[in-house]
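Content type PDB, C-alpha atoms, pLDDT in the B column, from the file final-v4.pdb:
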```pdb
MODEL        1
ATOM      1  CA  MET A   1     102.164 123.019 114.071  1.00 83.00           C
ATOM      2  CA  ALA A   2      98.802 121.339 114.617  1.00 87.00           C
ATOM      3  CA  ARG A   3      99.629 120.524 118.218  1.00 88.00           C
ATOM      4  CA  ALA A   4     100.704 124.100 118.894  1.00 86.00           C
ATOM      5  CA  ALA A   5      97.540 125.516 117.300  1.00 86.00           C
ATOM      6  CA  LEU A   6      95.453 123.392 119.655  1.00 89.00           C
ATOM      7  CA  GLU A   7      97.688 124.281 122.610  1.00 90.00           C
ATOM      8  CA  LEU A   8      98.194 120.594 123.388  1.00 94.00           C
ATOM      9  CA  GLY A   9     101.219 118.852 124.777  1.00 95.00           C
ATOM     10  CA  VAL A  10     102.817 115.710 123.395  1.00 96.00           C
ATOM     11  CA  ARG A  11     101.054 113.578 126.010  1.00 97.00           C
ATOM     12  CA  ASP A  12      97.687 115.176 125.193  1.00 96.00           C
ATOM     13  CA  VAL A  13      97.942 114.328 121.492  1.00 96.00           C
ATOM     14  CA  ALA A  14      99.242 110.847 122.290  1.00 97.00           C
ATOM     15  CA  LYS A  15      96.207 110.214 124.486  1.00 97.00           C
ATOM     16  CA  LEU A  16      93.804 111.474 121.814  1.00 96.00           C
ATOM     17  CA  ALA A  17      95.436 109.269 119.165  1.00 96.00           C
ATOM     18  CA  GLU A  18      95.897 106.320 121.533  1.00 97.00           C
ATOM     19  CA  VAL A  19      99.624 106.096 120.853  1.00 97.00           C
ATOM     20  CA  ALA A  20     102.702 106.458 123.036  1.00 97.00           C
ATOM     21  CA  PRO A  21     104.052 109.973 123.662  1.00 97.00           C
ATOM     22  CA  SER A  22     107.350 108.841 122.121  1.00 97.00           C
ATOM     23  CA  THR A  23     105.446 108.170 118.888  1.00 97.00           C
ATOM     24  CA  ILE A  24     104.357 111.818 118.712  1.00 96.00           C
ATOM     25  CA  THR A  25     107.935 112.900 119.368  1.00 96.00           C
ATOM     26  CA  ARG A  26     109.180 110.617 116.578  1.00 96.00           C
ATOM     27  CA  LEU A  27     106.593 112.051 114.174  1.00 94.00           C
ATOM     28  CA  GLU A  28     107.609 115.614 115.021  1.00 92.00           C
ATOM     29  CA  ARG A  29     111.264 114.722 114.403  1.00 95.00           C
ATOM     30  CA  GLY A  30     110.341 113.458 110.949  1.00 93.00           C
ATOM     31  CA  GLU A  31     111.046 109.820 111.710  1.00 96.00           C
ATOM     32  CA  SER A  32     109.256 107.080 109.811  1.00 95.00           C
ATOM     33  CA  LEU A  33     106.036 105.670 111.294  1.00 96.00           C
ATOM     34  CA  TYR A  34     103.551 103.069 110.122  1.00 97.00           C
ATOM     35  CA  PRO A  35     100.901 104.643 107.862  1.00 96.00           C
ATOM     36  CA  ARG A  36      98.117 103.479 110.193  1.00 97.00           C
ATOM     37  CA  THR A  37      99.822 105.272 113.089  1.00 97.00           C
ATOM     38  CA  VAL A  38     100.104 108.503 111.110  1.00 95.00           C
ATOM     39  CA  GLU A  39      96.423 108.184 110.165  1.00 95.00           C
ATOM     40  CA  ALA A  40      95.423 107.688 113.815  1.00 96.00           C
ATOM     41  CA  ILE A  41      97.284 110.849 114.790  1.00 95.00           C
ATOM     42  CA  ARG A  42      95.825 112.790 111.870  1.00 92.00           C
ATOM     43  CA  ALA A  43      92.289 111.639 112.715  1.00 95.00           C
ATOM     44  CA  ALA A  44      92.743 112.643 116.358  1.00 95.00           C
ATOM     45  CA  LEU A  45      93.984 116.107 115.376  1.00 93.00           C
ATOM     46  CA  GLU A  46      91.128 116.575 112.910  1.00 91.00           C
ATOM     47  CA  ALA A  47      88.602 115.539 115.572  1.00 93.00           C
ATOM     48  CA  ALA A  48      90.180 118.110 117.893  1.00 92.00           C
ATOM     49  CA  GLY A  49      89.633 120.898 115.339  1.00 89.00           C
ATOM     50  CA  ILE A  50      92.536 120.879 112.896  1.00 90.00           C
ATOM     51  CA  GLU A  51      92.124 121.115 109.132  1.00 88.00           C
ATOM     52  CA  PHE A  52      95.018 119.953 106.980  1.00 84.00           C
ATOM     53  CA  ILE A  53      95.699 122.153 103.936  1.00 82.00           C
ATOM     54  CA  PRO A  54      97.147 120.468 100.839  1.00 80.00           C
ATOM     55  CA  GLU A  55     100.190 121.670  98.923  1.00 75.00           C
ATOM     56  CA  ASN A  56      99.157 124.713  96.905  1.00 70.00           C
ATOM     57  CA  GLY A  57     102.434 126.232  95.830  1.00 65.00           C
ATOM     58  CA  GLY A  58     103.124 127.616  99.302  1.00 69.00           C
ATOM     59  CA  GLY A  59     103.550 124.263 100.986  1.00 68.00           C
ATOM     60  CA  ALA A  60     101.225 122.023 102.937  1.00 70.00           C
ATOM     61  CA  GLY A  61      99.948 123.314 106.254  1.00 71.00           C
ATOM     62  CA  VAL A  62      97.329 123.266 108.984  1.00 74.00           C
ATOM     63  CA  ARG A  63      94.722 125.627 110.350  1.00 73.00           C
ATOM     64  CA  LEU A  64      91.984 125.556 112.937  1.00 73.00           C
ATOM     65  CA  LYS A  65      88.564 124.655 111.559  1.00 79.00           C
ATOM     66  CA  VAL A  66      86.030 127.436 111.513  1.00 70.00           C
ATOM     67  CA  ASN A  67      83.108 126.716 113.820  1.00 69.00           C
ATOM     68  CA  LYS A  68      79.924 127.683 112.030  1.00 58.00           C
ATOM     69  CA  ALA A  69      77.186 128.256 114.562  1.00 56.00           C
TER      70      ALA A  69
ENDMDL
END
```
What do you get writing this file as structure tokens?
Amino acid sequence: MARAALELGVRDVAKLAEVAPSTITRLERGESLYPRTVEAIRAALEAAGIEFIPENGGGAGVRLKVNKA
């Protein structure tokens, strides 16, 4: 969802997170990854403008950060 919101491809996110494109594909399939790898991907997505929303009864999610000018 985060990747789609940013209109980025698998290779784009992989480059931002400094991981292999196959790692992004594995994450999206729900496969197990090292916690440090997941954190690298999360940090890259947050730096690109994603905000992760915690579970609040409706499920966890993502949204684009609001740019306050």
Pick out the residues sitting within 12 Å of segment 27-43 of chain A, and hand them over as a PDB file with C-alpha atoms, in the frame of the given file; count only C-alpha atoms, and ignore anything fewer than 5 positions along from it in its own chain.
```
ATOM      1  CA  MET A   1     102.164 123.019 114.071  1.00 83.00           C
ATOM      2  CA  ALA A   2      98.802 121.339 114.617  1.00 87.00           C
ATOM      3  CA  ARG A   3      99.629 120.524 118.218  1.00 88.00           C
ATOM      4  CA  ALA A   4     100.704 124.100 118.894  1.00 86.00           C
ATOM      5  CA  VAL A  10     102.817 115.710 123.395  1.00 96.00           C
ATOM      6  CA  ASP A  12      97.687 115.176 125.193  1.00 96.00           C
ATOM      7  CA  VAL A  13      97.942 114.328 121.492  1.00 96.00           C
ATOM      8  CA  ALA A  14      99.242 110.847 122.290  1.00 97.00           C
ATOM      9  CA  LYS A  15      96.207 110.214 124.486  1.00 97.00           C
ATOM     10  CA  LEU A  16      93.804 111.474 121.814  1.00 96.00           C
ATOM     11  CA  ALA A  17      95.436 109.269 119.165  1.00 96.00           C
ATOM     12  CA  GLU A  18      95.897 106.320 121.533  1.00 97.00           C
ATOM     13  CA  VAL A  19      99.624 106.096 120.853  1.00 97.00           C
ATOM     14  CA  ALA A  20     102.702 106.458 123.036  1.00 97.00           C
ATOM     15  CA  PRO A  21     104.052 109.973 123.662  1.00 97.00           C
ATOM     16  CA  SER A  22     107.350 108.841 122.121  1.00 97.00           C
ATOM     17  CA  ALA A  48      90.180 118.110 117.893  1.00 92.00           C
ATOM     18  CA  GLY A  49      89.633 120.898 115.339  1.00 89.00           C
ATOM     19  CA  ILE A  50      92.536 120.879 112.896  1.00 90.00           C
ATOM     20  CA  GLU A  51      92.124 121.115 109.132  1.00 88.00           C
ATOM     21  CA  PHE A  52      95.018 119.953 106.980  1.00 84.00           C
ATOM     22  CA  VAL A  62      97.329 123.266 108.984  1.00 74.00           C
TER      23      VAL A  62
END
```
Please return the centre and edge lengths, in Å to one decimal, of a box with edges along x, y and z that contains all listed atoms of segment 22-32 of chain A, widened by 5 Å on every side, as AutoDock Vina command-line options.
```
--center_x 107.8 --center_y 111.3 --center_z 116.0 --size_x 16.9 --size_y 18.5 --size_z 22.3
```
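Counting from atom CA of Val66 of chain A, the distance to atom CA of Arg26 of chain A is 29.1 Å.
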Atom CA of Ile24 of chain A to atom CA of Asn56 of chain A: how many Å, to one decimal?
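Rounded to one decimal, the two atoms are 25.9 Å apart.
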Copy chain A out of the block into a file, keeping C-alpha atoms, as a short mmCIF file (atom, residue, chain, number, x, y, z; two decimals), in the first residue's frame.
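Listed below is the output, selection-v3.cif:
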```
data_model
loop_
_atom_site.label_atom_id
_atom_site.label_comp_id
_atom_site.auth_asym_id
_atom_site.auth_seq_id
_atom_site.Cartn_x
_atom_site.Cartn_y
_atom_site.Cartn_z
CA MET A 1 0.00 0.00 0.00
CA ALA A 2 2.80 2.41 0.89
CA ARG A 3 4.59 1.78 -2.38
CA ALA A 4 1.40 2.36 -4.36
CA ALA A 5 0.66 5.60 -2.49
CA LEU A 6 4.09 6.91 -3.46
CA GLU A 7 3.69 5.62 -7.02
CA LEU A 8 6.98 3.74 -6.76
CA GLY A 9 7.98 0.47 -8.30
CA VAL A 10 9.62 -2.44 -6.51
CA ARG A 11 13.04 -1.40 -7.80
CA ASP A 12 12.50 2.20 -6.64
CA VAL A 13 11.74 1.15 -3.06
CA ALA A 14 14.59 -1.35 -3.09
CA LYS A 15 17.00 1.40 -4.11
CA LEU A 16 15.72 3.75 -1.40
CA ALA A 17 16.05 1.04 1.26
CA GLU A 18 19.33 -0.29 -0.15
CA VAL A 19 18.00 -3.83 -0.44
CA ALA A 20 17.47 -6.19 -3.36
CA PRO A 21 14.23 -5.88 -5.35
CA SER A 22 13.50 -9.52 -4.47
CA THR A 23 13.49 -8.48 -0.80
CA ILE A 24 10.65 -6.02 -1.45
CA THR A 25 8.76 -8.72 -3.33
CA ARG A 26 9.23 -11.13 -0.41
CA LEU A 27 7.97 -8.50 2.04
CA GLU A 28 4.88 -7.85 -0.08
CA ARG A 29 4.17 -11.59 -0.20
CA GLY A 30 4.25 -11.71 3.58
CA GLU A 31 7.43 -13.75 3.80
CA SER A 32 9.67 -13.50 6.84
CA LEU A 33 12.54 -10.99 6.75
CA TYR A 34 15.18 -9.96 9.27
CA PRO A 35 13.86 -7.20 11.56
CA ARG A 36 16.70 -4.88 10.51
CA THR A 37 15.68 -5.32 6.87
CA VAL A 38 12.05 -4.49 7.63
CA GLU A 39 13.22 -1.42 9.57
CA ALA A 40 15.38 -0.26 6.64
CA ILE A 41 12.40 -0.52 4.30
CA ARG A 42 10.11 1.23 6.77
CA ALA A 43 12.62 4.06 7.28
CA ALA A 44 13.00 4.51 3.52
CA LEU A 45 9.22 4.70 3.05
CA GLU A 46 8.85 7.16 5.92
CA ALA A 47 11.61 9.35 4.46
CA ALA A 48 9.75 9.27 1.14
CA GLY A 49 6.57 10.60 2.79
CA ILE A 50 4.66 7.66 4.26
CA GLU A 51 3.17 7.66 7.75
CA PHE A 52 2.36 4.30 9.31
CA ILE A 53 -0.92 4.22 11.25
CA PRO A 54 -1.14 1.83 14.22
CA GLU A 55 -3.94 -0.66 14.81
CA ASN A 56 -6.98 1.27 16.01
CA GLY A 57 -9.80 -1.19 15.67
CA GLY A 58 -9.91 -0.81 11.89
CA GLY A 59 -6.53 -2.37 11.25
CA ALA A 60 -3.07 -0.95 10.75
CA GLY A 61 -2.48 1.15 7.66
CA VAL A 62 -0.51 3.83 5.86
CA ARG A 63 -1.13 7.33 4.59
CA LEU A 64 0.85 10.09 2.96
CA LYS A 65 2.26 12.64 5.40
CA VAL A 66 0.71 16.06 5.27
CA ASN A 67 3.20 18.69 4.15
CA LYS A 68 2.77 21.74 6.34
CA ALA A 69 4.17 24.76 4.57
#
```
